[in-house]
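File shown: final_13.cif. Contents: mmCIF, C-alpha atoms.
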data_my_file
#
loop_
_atom_site.label_atom_id
_atom_site.label_comp_id
_atom_site.auth_asym_id
_atom_site.auth_seq_id
_atom_site.Cartn_x
_atom_site.Cartn_y
_atom_site.Cartn_z
CA MET Z 11 57.31 175.81 -16.76
CA THR Z 12 55.58 175.04 -20.02
CA ILE Z 13 52.13 176.51 -20.55
CA GLN Z 14 50.04 175.23 -23.42
CA ALA Z 15 50.23 177.83 -26.14
CA ALA Z 16 47.80 177.18 -28.97
CA VAL Z 17 44.27 177.54 -27.65
CA PRO Z 18 41.47 177.52 -30.24
CA THR Z 19 38.76 180.15 -30.33
CA ILE Z 20 35.89 179.19 -28.06
CA ASP Z 21 32.24 180.14 -27.88
CA GLU Z 22 31.02 182.99 -25.72
CA THR Z 23 29.29 180.80 -23.13
CA SER Z 24 32.39 178.69 -22.57
CA ALA Z 25 34.54 181.79 -22.39
CA LYS Z 26 32.31 183.21 -19.65
CA ILE Z 27 32.40 179.95 -17.67
CA LEU Z 28 36.17 179.88 -17.82
CA GLU Z 29 36.54 183.58 -17.03
CA THR Z 30 34.43 183.14 -13.90
CA ALA Z 31 36.54 180.13 -12.94
CA ARG Z 32 39.72 182.12 -13.53
CA ARG Z 33 38.65 184.88 -11.15
CA GLN Z 34 37.24 182.53 -8.52
CA VAL Z 35 39.82 179.76 -8.47
CA LEU Z 36 43.04 181.20 -9.85
CA GLU Z 37 42.81 184.66 -8.36
CA ASP Z 38 40.77 184.08 -5.18
CA GLY Z 39 41.69 180.44 -4.51
CA ILE Z 40 38.08 179.37 -4.05
CA GLY Z 41 37.11 176.02 -5.59
CA LEU Z 42 34.18 175.76 -7.96
CA THR Z 43 30.79 174.66 -6.68
CA GLN Z 44 28.94 171.58 -7.91
CA PRO Z 45 26.83 173.50 -10.49
CA GLN Z 46 29.95 175.26 -11.74
CA LEU Z 47 31.75 171.92 -12.03
CA GLU Z 48 28.90 170.57 -14.13
CA GLU Z 49 29.50 173.48 -16.51
CA ILE Z 50 33.17 172.57 -16.78
CA LEU Z 51 32.34 168.92 -17.44
CA ARG Z 52 29.97 169.99 -20.23
CA LEU Z 53 32.40 172.28 -22.02
CA PRO Z 54 32.67 171.55 -25.73
CA ASP Z 55 35.84 170.00 -27.10
CA ALA Z 56 36.96 173.35 -28.48
CA ALA Z 57 37.07 174.78 -24.94
CA LEU Z 58 38.96 171.84 -23.44
CA PRO Z 59 42.49 173.19 -24.10
CA ALA Z 60 41.54 176.47 -22.40
CA ALA Z 61 40.09 174.59 -19.42
CA LEU Z 62 43.23 172.50 -19.08
CA GLN Z 63 45.41 175.58 -19.37
CA LEU Z 64 43.46 177.29 -16.60
CA ALA Z 65 43.68 174.18 -14.43
CA HIS Z 66 47.42 174.09 -15.01
CA GLU Z 67 47.79 177.73 -14.01
CA VAL Z 68 45.75 177.02 -10.88
CA ARG Z 69 47.98 174.08 -10.02
CA LEU Z 70 51.16 176.17 -10.52
CA LYS Z 71 49.88 179.07 -8.45
CA HIS Z 72 48.39 177.12 -5.56
CA CYS Z 73 50.53 173.94 -5.47
CA GLY Z 74 53.78 174.89 -7.19
CA GLU Z 75 55.67 173.20 -9.97
CA ASP Z 76 56.74 170.04 -8.08
CA VAL Z 77 55.27 166.66 -8.95
CA GLU Z 78 54.88 164.08 -6.18
CA VAL Z 79 55.88 160.56 -7.18
CA GLU Z 80 54.55 157.48 -5.38
CA GLY Z 81 54.75 153.73 -5.64
CA ILE Z 82 51.97 151.43 -4.43
CA ILE Z 83 52.01 147.77 -3.53
CA SER Z 84 49.55 145.16 -2.38
CA ILE Z 85 50.57 143.32 0.78
CA LYS Z 86 47.42 141.21 0.69
CA THR Z 87 45.82 140.60 -2.70
CA GLY Z 88 42.38 139.15 -3.42
CA GLY Z 89 39.81 137.46 -1.24
CA CYS Z 90 38.21 140.71 -0.09
CA PRO Z 91 34.76 140.26 1.48
CA GLU Z 92 33.47 143.53 0.02
CA ASP Z 93 31.65 143.81 -3.31
CA CYS Z 94 33.05 146.99 -4.88
CA HIS Z 95 31.81 146.33 -8.41
CA PHE Z 96 34.94 147.62 -10.12
CA CYS Z 97 37.40 145.52 -8.14
CA SER Z 98 38.98 142.27 -9.27
CA GLN Z 99 40.07 141.55 -5.70
CA SER Z 100 36.60 140.93 -4.34
CA GLY Z 101 36.16 137.34 -3.26
CA LEU Z 102 32.51 137.59 -4.27
CA PHE Z 103 33.19 137.75 -8.00
CA ASP Z 104 34.46 135.16 -10.45
CA SER Z 105 37.73 137.00 -11.04
CA PRO Z 106 40.97 135.32 -12.10
CA VAL Z 107 42.83 137.13 -9.30
CA ARG Z 108 43.97 134.64 -6.63
CA GLY Z 109 44.64 135.46 -3.03
CA VAL Z 110 48.29 136.09 -2.19
CA TRP Z 111 50.26 137.66 0.67
CA LEU Z 112 53.52 139.49 0.12
CA ASP Z 113 56.33 138.68 2.55
CA ILE Z 114 58.15 141.49 4.32
CA PRO Z 115 61.59 141.08 2.63
CA GLU Z 116 59.89 141.46 -0.78
CA LEU Z 117 57.98 144.47 0.52
CA VAL Z 118 61.19 146.14 1.70
CA LYS Z 119 62.84 145.35 -1.62
CA ALA Z 120 59.94 147.01 -3.44
CA ALA Z 121 60.21 150.07 -1.19
CA LYS Z 122 63.89 150.39 -2.05
CA GLU Z 123 63.20 150.04 -5.76
CA THR Z 124 60.44 152.63 -5.52
CA ALA Z 125 62.70 155.10 -3.70
CA ALA Z 126 65.33 154.60 -6.41
CA THR Z 127 62.91 156.10 -8.93
CA GLY Z 128 62.85 159.33 -6.93
CA ALA Z 129 59.49 158.55 -5.35
CA THR Z 130 58.85 160.01 -1.92
CA GLU Z 131 55.73 158.01 -1.10
CA PHE Z 132 55.28 154.26 -0.74
CA CYS Z 133 51.74 153.07 -0.11
CA ILE Z 134 51.04 149.63 1.36
CA VAL Z 135 47.60 148.36 0.39
CA ALA Z 136 45.54 145.41 1.59
CA ALA Z 137 42.33 144.06 0.06
CA VAL Z 138 40.29 143.87 3.25
CA ARG Z 139 37.16 145.39 4.74
CA GLY Z 140 39.36 146.57 7.57
CA PRO Z 141 42.55 145.27 9.18
CA ASP Z 142 42.52 142.53 11.83
CA ILE Z 143 45.17 142.13 14.52
CA LYS Z 144 47.32 139.91 12.32
CA LEU Z 145 47.40 142.48 9.52
CA MET Z 146 48.03 145.37 11.91
CA ASN Z 147 50.98 143.48 13.40
CA GLN Z 148 52.35 142.82 9.94
CA ILE Z 149 51.98 146.47 9.03
CA LYS Z 150 53.87 147.53 12.16
CA PHE Z 151 56.65 145.06 11.36
CA ALA Z 152 56.73 146.20 7.73
CA ILE Z 153 56.93 149.88 8.67
CA ASP Z 154 59.85 149.23 10.99
CA ARG Z 155 61.74 147.18 8.42
CA ILE Z 156 61.16 149.74 5.64
CA ASN Z 157 62.25 152.60 7.88
CA GLU Z 158 65.45 150.70 8.69
CA ALA Z 159 66.19 150.15 5.03
CA VAL Z 160 65.14 153.22 3.09
CA ASP Z 161 64.16 156.86 3.48
CA ILE Z 162 60.65 157.16 2.10
CA ASN Z 163 57.28 158.29 3.42
CA ILE Z 164 55.01 155.34 4.20
CA ALA Z 165 51.31 155.47 3.47
CA CYS Z 166 48.73 152.76 4.07
CA SER Z 167 45.40 151.73 2.60
CA LEU Z 168 43.81 149.05 4.74
CA GLY Z 169 40.10 149.68 4.41
CA MET Z 170 37.85 150.90 7.16
CA LEU Z 171 39.53 151.55 10.50
CA THR Z 172 38.53 151.67 14.13
CA GLN Z 173 39.53 154.67 16.21
CA ARG Z 174 42.18 152.55 17.94
CA GLN Z 175 43.65 151.46 14.60
CA VAL Z 176 43.79 155.06 13.39
CA GLU Z 177 45.70 156.00 16.53
CA GLN Z 178 48.09 153.08 16.11
CA LEU Z 179 48.91 153.92 12.50
CA ALA Z 180 49.54 157.54 13.45
CA GLU Z 181 51.79 156.43 16.33
CA TRP Z 182 53.74 154.18 13.99
CA GLY Z 183 54.51 157.13 11.74
CA VAL Z 184 52.17 156.40 8.86
CA HIS Z 185 52.44 159.59 6.89
CA ARG Z 186 49.23 159.38 4.89
CA TYR Z 187 46.21 157.08 4.82
CA ASN Z 188 44.25 156.26 1.68
CA HIS Z 189 40.56 155.61 1.77
CA ASN Z 190 38.66 156.52 -1.39
CA LEU Z 191 35.12 157.75 -1.72
CA GLU Z 192 35.33 156.24 -5.23
CA THR Z 193 32.10 157.76 -6.51
CA ALA Z 194 29.35 160.23 -5.67
CA ARG Z 195 27.16 159.59 -2.66
CA SER Z 196 24.13 159.32 -4.97
CA TYR Z 197 25.81 156.62 -7.09
CA PHE Z 198 27.61 154.73 -4.34
CA PRO Z 199 24.84 152.16 -3.75
CA GLU Z 200 25.09 151.17 -7.42
CA VAL Z 201 28.77 150.34 -6.95
CA VAL Z 202 29.08 148.98 -3.41
CA THR Z 203 26.45 147.25 -1.29
CA THR Z 204 28.49 145.69 1.51
CA HIS Z 205 29.27 148.98 3.23
CA SER Z 206 28.01 152.53 3.06
CA TYR Z 207 29.31 155.86 1.92
CA GLU Z 208 28.94 157.07 5.48
CA GLU Z 209 31.23 154.32 6.76
CA ARG Z 210 33.87 155.48 4.32
CA LEU Z 211 33.46 159.07 5.43
CA GLU Z 212 33.80 158.00 9.05
CA THR Z 213 37.24 156.49 8.44
CA CYS Z 214 38.31 159.54 6.42
CA ASN Z 215 37.32 161.90 9.21
CA MET Z 216 39.07 159.84 11.88
CA VAL Z 217 42.27 159.83 9.82
CA LYS Z 218 42.22 163.61 9.53
CA ALA Z 219 41.45 164.09 13.21
CA ALA Z 220 44.43 161.92 14.12
CA GLY Z 221 46.78 164.19 12.18
CA MET Z 222 47.57 161.88 9.29
CA GLU Z 223 47.30 163.23 5.78
CA LEU Z 224 44.15 161.96 4.11
CA CYS Z 225 44.39 160.53 0.62
CA CYS Z 226 40.86 160.16 -0.68
CA GLY Z 227 40.28 159.34 -4.29
CA ALA Z 228 37.84 158.94 -7.09
CA LEU Z 229 37.18 156.29 -9.68
CA ILE Z 230 35.37 157.73 -12.64
CA GLY Z 231 33.89 156.12 -15.73
CA MET Z 232 31.75 153.60 -13.84
CA GLY Z 233 28.49 154.72 -15.47
CA GLU Z 234 27.92 157.76 -13.31
CA THR Z 235 26.36 160.84 -14.91
CA LEU Z 236 28.22 164.09 -15.42
CA GLU Z 237 26.16 165.53 -12.58
CA GLN Z 238 27.33 162.73 -10.32
CA ARG Z 239 30.92 163.29 -11.41
CA ALA Z 240 30.55 166.93 -10.37
CA GLU Z 241 28.86 165.80 -7.16
CA LEU Z 242 31.84 163.59 -6.36
CA ALA Z 243 34.33 166.41 -6.96
CA ALA Z 244 32.31 168.69 -4.70
CA GLN Z 245 32.02 166.04 -1.99
CA LEU Z 246 35.76 165.42 -2.10
CA ALA Z 247 36.41 169.16 -1.93
CA ALA Z 248 34.21 169.39 1.17
CA LEU Z 249 36.28 166.65 2.80
CA GLU Z 250 39.48 168.64 2.13
CA PRO Z 251 41.85 165.70 1.61
CA HIS Z 252 45.55 166.32 1.26
CA GLU Z 253 45.59 164.16 -1.85
CA VAL Z 254 43.05 162.96 -4.41
CA PRO Z 255 44.12 160.02 -6.57
CA LEU Z 256 42.10 160.09 -9.77
CA ASN Z 257 41.39 156.64 -11.21
CA PHE Z 258 39.70 155.82 -14.50
CA LEU Z 259 37.81 152.55 -14.73
CA ASN Z 260 39.80 149.70 -16.20
CA PRO Z 261 37.02 147.11 -16.58
CA ARG Z 262 38.22 143.92 -14.93
CA PRO Z 263 37.23 140.41 -16.05
CA GLY Z 264 34.70 138.77 -13.79
CA THR Z 265 33.54 141.96 -12.07
CA PRO Z 266 30.04 143.44 -12.48
CA LEU Z 267 31.60 146.32 -14.43
CA GLU Z 268 33.60 144.13 -16.82
CA ASN Z 269 31.47 145.21 -19.77
CA GLN Z 270 31.49 148.91 -18.96
CA GLY Z 271 33.26 150.68 -21.79
CA ILE Z 272 36.46 152.64 -21.29
CA MET Z 273 35.62 156.27 -20.75
CA ASP Z 274 36.29 158.83 -23.45
CA GLY Z 275 39.71 160.46 -23.18
CA LYS Z 276 38.37 163.99 -23.58
CA ASP Z 277 35.83 163.39 -20.83
CA ALA Z 278 38.69 162.18 -18.64
CA LEU Z 279 40.64 165.37 -19.36
CA ARG Z 280 37.55 167.47 -18.60
CA ALA Z 281 37.32 165.63 -15.29
CA ILE Z 282 40.97 166.38 -14.51
CA ALA Z 283 40.40 170.07 -15.13
CA ALA Z 284 37.18 170.02 -13.09
CA PHE Z 285 38.77 168.26 -10.11
CA ARG Z 286 41.64 170.75 -10.11
CA LEU Z 287 39.20 173.66 -10.28
CA ALA Z 288 37.24 172.13 -7.40
CA MET Z 289 40.35 171.63 -5.27
CA PRO Z 290 43.02 174.21 -6.14
CA ARG Z 291 45.43 173.25 -3.34
CA THR Z 292 45.05 169.46 -3.26
CA VAL Z 293 47.62 166.98 -4.55
CA LEU Z 294 45.83 165.59 -7.62
CA ARG Z 295 47.39 162.29 -8.57
CA TYR Z 296 47.20 160.24 -11.71
CA ALA Z 297 46.23 156.75 -10.56
CA GLY Z 298 44.91 153.61 -12.23
CA GLY Z 299 43.42 153.37 -15.70
CA ARG Z 300 45.11 156.36 -17.30
CA GLU Z 301 47.08 154.16 -19.68
CA LEU Z 302 43.87 152.84 -21.22
CA THR Z 303 41.80 155.99 -21.01
CA LEU Z 304 44.33 158.64 -21.91
CA GLY Z 305 47.32 156.92 -23.48
CA ASP Z 306 50.67 158.68 -23.78
CA LEU Z 307 49.33 161.91 -25.30
CA GLY Z 308 46.54 162.23 -22.76
CA THR Z 309 48.95 161.58 -19.92
CA ARG Z 310 50.96 164.56 -21.06
CA GLU Z 311 47.87 166.74 -21.45
CA GLY Z 312 46.73 165.88 -17.93
CA LEU Z 313 50.09 166.82 -16.47
CA LEU Z 314 49.65 170.15 -18.24
CA GLY Z 315 46.05 170.34 -17.07
CA GLY Z 316 46.01 170.16 -13.29
CA ILE Z 317 47.68 166.88 -12.31
CA ASN Z 318 50.64 167.29 -9.93
CA ALA Z 319 51.37 163.75 -8.77
CA VAL Z 320 51.78 160.33 -10.33
CA ILE Z 321 51.83 156.70 -9.31
CA VAL Z 322 55.02 155.41 -10.82
CA GLY Z 323 55.22 151.95 -12.35
CA ASN Z 324 52.60 149.32 -11.67
CA TYR Z 325 49.34 149.33 -9.74
CA LEU Z 326 47.97 146.64 -7.41
CA THR Z 327 46.89 144.01 -9.94
CA THR Z 328 47.54 145.72 -13.26
CA LEU Z 329 50.58 147.25 -14.91
CA GLY Z 330 51.34 150.90 -15.49
CA ARG Z 331 53.58 152.71 -17.92
CA PRO Z 332 57.28 152.01 -17.42
CA ALA Z 333 58.54 154.23 -14.62
CA THR Z 334 61.13 155.71 -16.96
CA ALA Z 335 58.38 156.87 -19.35
CA ASP Z 336 56.77 159.02 -16.67
CA LEU Z 337 60.06 160.22 -15.21
CA ASN Z 338 61.37 161.19 -18.65
CA LEU Z 339 58.12 163.02 -19.36
CA LEU Z 340 58.52 165.04 -16.17
CA VAL Z 341 62.03 166.01 -17.24
CA GLU Z 342 60.75 166.97 -20.67
CA LEU Z 343 58.01 169.11 -19.14
CA ASN Z 344 60.53 170.69 -16.76
CA MET Z 345 58.52 169.54 -13.75
CA PRO Z 346 60.78 168.74 -10.78
CA ILE Z 347 60.02 165.74 -8.59
CA LYS Z 348 59.00 166.74 -5.08
CA GLU Z 349 61.78 166.03 -2.60
CA LEU Z 350 61.36 163.91 0.46
CA GLN Z 351 60.08 165.72 3.52
CA LYS Z 352 59.08 163.79 6.58
CA THR Z 353 56.01 165.56 7.88
CA LEU Z 354 55.22 163.42 10.90
CA MET M 239 58.99 125.62 -6.27
CA THR M 240 61.98 125.15 -8.50
CA ALA M 241 61.38 126.61 -11.92
CA VAL M 242 62.21 130.29 -12.08
CA GLN M 243 62.37 132.08 -15.38
CA THR M 244 63.00 135.72 -16.06
CA ASN M 245 60.82 136.92 -18.85
CA SER M 246 61.27 140.17 -20.71
CA THR M 247 57.87 140.25 -22.37
CA THR M 248 54.30 139.69 -21.31
CA GLY M 249 52.97 137.94 -24.41
CA VAL M 250 50.21 135.35 -24.34
CA SER M 251 52.69 132.62 -25.06
CA THR M 252 54.47 133.17 -21.76
CA SER M 253 55.23 129.83 -20.21
CA PRO M 254 57.35 129.11 -17.15
CA THR M 255 58.50 125.85 -18.71
CA SER M 256 60.06 124.89 -21.97
CA ASP M 257 56.71 123.45 -23.02
CA PRO M 258 54.96 125.33 -25.80
CA ALA M 259 52.18 127.61 -24.57
CA GLN M 260 48.87 125.78 -24.77
CA TYR M 261 46.68 128.31 -22.98
CA CYS M 262 46.22 132.04 -23.08
CA GLY M 263 47.78 133.71 -20.03
CA HIS M 264 45.00 136.30 -19.98
CA CYS M 265 41.77 134.34 -20.43
CA GLY M 266 42.93 130.78 -19.86
CA GLU M 267 41.35 129.51 -23.07
CA PRO M 268 43.29 127.20 -25.38
CA SER M 269 45.88 128.94 -27.50
CA ASP M 270 46.85 127.92 -31.00
CA GLY M 271 50.19 129.62 -30.50
CA GLY M 272 49.49 132.04 -33.31
CA ALA M 273 50.02 129.40 -35.98
CA GLY M 274 46.50 128.33 -36.87
CA PRO M 275 43.48 129.89 -38.55
CA THR M 276 42.15 131.06 -35.19
CA SER M 277 45.36 132.83 -34.25
CA ASP M 278 43.60 136.18 -33.95
CA VAL M 279 41.36 134.87 -31.16
CA HIS M 280 43.77 136.04 -28.52
CA LEU M 281 44.97 139.24 -30.15
CA ARG M 282 43.00 141.29 -27.65
CA CYS M 283 44.31 139.16 -24.84
CA GLY M 284 47.81 139.88 -26.09
CA GLU M 285 47.09 143.61 -26.05
CA ARG M 286 45.75 143.35 -22.52
CA LEU M 287 48.84 141.48 -21.41
CA THR M 288 50.89 144.58 -22.11
CA LEU M 289 49.05 146.21 -19.21
CA GLU M 290 48.48 143.30 -16.86
CA PRO M 291 50.32 140.17 -15.80
CA PRO M 292 49.16 136.73 -16.93
CA ARG M 293 46.65 135.09 -14.61
CA TYR M 294 46.67 131.59 -16.11
CA CYS M 295 49.59 129.25 -16.57
CA ALA M 296 50.24 128.95 -20.29
CA ALA M 297 51.28 125.33 -19.86
CA CYS M 298 48.41 123.93 -17.79
CA ARG M 299 45.76 126.66 -17.41
CA ARG M 300 45.96 126.71 -13.62
CA ARG M 301 45.17 130.07 -12.11
CA MET M 302 48.43 131.51 -10.84
CA LYS M 303 49.29 133.42 -7.68
CA VAL M 304 50.32 136.80 -9.03
CA GLN M 305 52.13 139.50 -7.09
CA VAL M 306 52.50 142.89 -8.73
CA THR M 307 55.15 145.28 -7.45
CA PRO M 308 55.85 148.83 -8.61
CA LEU M 309 58.61 147.64 -10.91
CA GLY M 310 57.68 144.09 -11.75
CA TRP M 311 55.54 141.06 -11.12
CA THR M 312 55.75 137.38 -10.33
CA ALA M 313 53.28 134.70 -11.36
CA GLU M 314 53.42 131.33 -9.64
CA CYS M 315 51.89 128.13 -10.96
CA SER M 316 51.72 125.34 -8.40
CA ARG M 317 52.83 122.86 -11.07
CA HIS M 318 55.12 124.82 -13.35
CA GLY M 319 56.91 127.30 -11.13
CA VAL M 320 57.41 131.02 -11.07
CA THR M 321 57.70 133.54 -13.88
CA VAL M 322 59.42 136.75 -12.88
CA MET M 323 59.26 140.08 -14.66
CA ARG M 324 61.43 142.88 -13.35
CA MET M 325 62.05 146.35 -14.72
CA ARG M 326 64.93 148.58 -13.75
CA PRO M 327 64.10 151.80 -11.87
#
As structure tokens, what does this structure read like?
Amino acid sequence: MTIQAAVPTIDETSAKILETARRQVLEDGIGLTQPQLEEILRLPDAALPAALQLAHEVRLKHCGEDVEVEGIISIKTGGCPEDCHFCSQSGLFDSPVRGVWLDIPELVKAAKETAATGATEFCIVAAVRGPDIKLMNQIKFAIDRINEAVDINIACSLGMLTQRQVEQLAEWGVHRYNHNLETARSYFPEVVTTHSYEERLETCNMVKAAGMELCCGALIGMGETLEQRAELAAQLAALEPHEVPLNFLNPRPGTPLENQGIMDGKDALRAIAAFRLAMPRTVLRYAGGRELTLGDLGTREGLLGGINAVIVGNYLTTLGRPATADLNLLVELNMPIKELQKTL
Amino acid sequence: MTAVQTNSTTGVSTSPTSDPAQYCGHCGEPSDGGAGPTSDVHLRCGERLTLEPPRYCAACRRRMKVQVTPLGWTAECSRHGVTVMRMRP
């Protein structure tokens, strides 16, 4: 496993911050606290390589060398009644995204194509507040057809769930459920007004209690402060999700955040290191926006800085790097793709 | 829907018909096809179309129904048909 070699000399304060993190996270396996995460997010550029190297060592020690590969797909695009300010699929904004439903044969075809890349996870996503009976029935039908056709773990992301819906998804063999916190509790009302942070937490807790793996992610670069970024990492750590997908804002036309600038690549890398140091054992996945924020070089640095999972290929409404680019990079970095293991 | 065209690029001039592109697939504004003095107007749109599918039909400016999959996308114009982009795993 490659470890970054050339690390520049860093100042004494940064060295102390990283030495404390090394003892606490790498050696003792205890994630950093919110104030400690703020220190990581404020590290000067010269200390960034050392922070990423530490995060990489933490990932190797506590998660192993495997990288989990996943494909995601939208079964119902657009027309969402919620007002998440970053999202082009809200029906409340003047976005060019039109409503469309994916039929089941195309969904199965996409699952097969995803599995052919070596991916072990296939996440079905719907732009809804929460699923109605029609959508739940479609999901059940889709799960059955995918399971008949291909060996891959199925995850879902269908918004806020009722207790009964959580139980149904678990019964149907949904391996993991995605429901993001997106941002810090203190910033959430600036980003979403049609539902609350607490409602999101409620779904997350029900998913965990039902025995499904919780995938609960972050979207950074929406105008939150560094303190709020640290707050988010700490709040996610407290929730103890199995996986944290880390998104970087890709400002979408027609949304309230369309004029928000793309976040600085070094800040994004600092965030990757901080999230890993907050959650040493969690699957930390590259998700949307990395192509814009980090580019090819940054993608590589993140994989050597705490990331241990990727979304392969495209996202829900935007395009990702070619799957082969990521898969070739993993080969180059000598990072094996995690093999399929049915856990439910 | 009859017209189906496989397209290997995502440039602003993408059109599901043989008609020349008249509108930008990203912003829907008129396109000069890169030939006129305002040809740089859609340069940024062209850059964006490397990371997102077209949302507007290049022939008629209708908003298209777009379905993104992990390894491709389709964009359907109610008048001009479907453009398909597929990548190999």
(request) Tell me which residues the PyMOL selection byres ((chain Z) within 10 of (chain M)) grabs here, as a count of residues only. (result) 49
(request) Quick one: pull the distance between CA of Arg286 (chain Z) and CA of Glu212 (chain Z), Å, one decimal. (result)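 Computed distance, CA of Arg286 (chain Z) to CA of Glu212 (chain Z), equals 24.3 Å.
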(message) To test your reading of the syntax: which residues would the PyMOL selection byres ((chain M and resi 268) around 10) return for the file shown? Reply as an NGL selection string.
(response) :M and (259-263 or 265-267 or 269-271 or 279-280 or 296-299)
(request) Find, counting only C-alpha atoms, the residue in Z:Gly316, Z:Gly275, Z:Gly233, Z:Gly183 that gets nearest to His72 (chain Z). (result)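 Distance minimum relative to His72 (chain Z) lands on Z:Gly316.
Relative to CA of Arg262 (chain Z), CA of Leu249 (chain Z) is found at 28.9 Å.
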(request) May I have the residues within 10 Å of Ser196 (chain Z) as a PyMOL selection string, using all atoms listed in the file and disregarding those fewer than 5 positions away in the same chain? (result) chain Z and resi 207+234+238+241-242
(request) Work out how far CA of Asn260 (chain Z) is from CA of Gly315 (chain Z), in Å to one decimal. (result)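 Straight-line distance from CA of Gly315 (chain Z) to CA of Asn260 (chain Z) works out to 21.6 Å.
Among the candidates Z:Arg300, Z:His66, Z:Lys348, Z:Lys26, the residue lying nearest to Ala284 (chain Z) is Z:His66 (atoms considered: all atoms listed in the file).
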Could you name the residues that touch Ala56 (chain Z) at 10 Å or less, counting only C-alpha atoms, but leaving out those on the same chain fewer than 3 positions away, as a PDB file with C-alpha atoms, in the coordinates of the input?
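To be explicit, this is the file written out as selection.pdb:
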ATOM      1  CA  VAL Z  17      44.270 177.540 -27.650  1.00  0.00           C
ATOM      2  CA  PRO Z  18      41.470 177.520 -30.240  1.00  0.00           C
ATOM      3  CA  THR Z  19      38.760 180.150 -30.330  1.00  0.00           C
ATOM      4  CA  ILE Z  20      35.890 179.190 -28.060  1.00  0.00           C
ATOM      5  CA  ASP Z  21      32.240 180.140 -27.880  1.00  0.00           C
ATOM      6  CA  SER Z  24      32.390 178.690 -22.570  1.00  0.00           C
ATOM      7  CA  LEU Z  53      32.400 172.280 -22.020  1.00  0.00           C
ATOM      8  CA  PRO Z  59      42.490 173.190 -24.100  1.00  0.00           C
ATOM      9  CA  ALA Z  60      41.540 176.470 -22.400  1.00  0.00           C
ATOM     10  CA  ALA Z  61      40.090 174.590 -19.420  1.00  0.00           C
TER      11      ALA Z  61
END
(message) List as a ChimeraX atom specification the protein and nucleic acid residues near Gln173 (chain Z), meaning an atom at most 12 Å away when only C-alpha atoms are counted, but skip any in the same chain fewer than 5 places from it.
(response) /Z:140,178-180,212-220
How big is the axis-aligned box around the listed atoms of region 16-32 of chain Z once 3 Å is added on each side, and where is its centre? Give both in Å to one decimal, as AutoDock Vina command-line options.
--center_x 38.5 --center_y 180.4 --center_z -21.6 --size_x 24.5 --size_y 12.4 --size_z 23.4
(message) Give me, as a PyMOL selection string, all polymer residues having an atom no more than 9 Å from region 160-170 of chain Z, counting only C-alpha atoms and skipping those fewer than 5 positions away in the same chain.
(response) chain Z and resi 82+118+121-122+124-125+129-141+145+149+153+155+179+183-189+209-210+212-214+350-353
(message) When you look at Leu304 (chain Z) with a cut-off of 12 Å (counting all atoms listed in the file), what residues show up, excluding the ones that are within fewer than 3 positions of it in the same chain? I need them as number ranges by chain.
(response) Z: 257-260, 272-282, 296-301, 307-313, 331
(message) My list of candidates is Z:Ala243, Z:Leu229, Z:Leu256, Z:Leu340. Which is closest to Gln46 (chain Z) when distances are computed with all atoms listed in the file?
(response) Z:Ala243
(message) Selection in question (the file shown): the PyMOL selection byres ((chain Z and resi 43) around 12). Which residues does it include, as a VMD selection string?
(response) chain Z and resid 30 to 31 34 to 35 40 to 42 44 to 50 237 240 to 248 284 to 285 287 to 289
(message) Please determine, counting only C-alpha atoms, which residue among Z:Asp113, Z:Asp154, Z:Glu223, Z:Glu268 has the shortest atom-to-atom distance to Pro251 (chain Z).
(response)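 Residue with the minimum atom-to-atom distance to Pro251 (chain Z): Z:Glu223.
Comparing Z:Pro290, Z:Leu191, Z:Gly221, Z:Phe96 by their smallest distance to Arg32 (chain Z), the closest is Z:Pro290 (using only C-alpha atoms).
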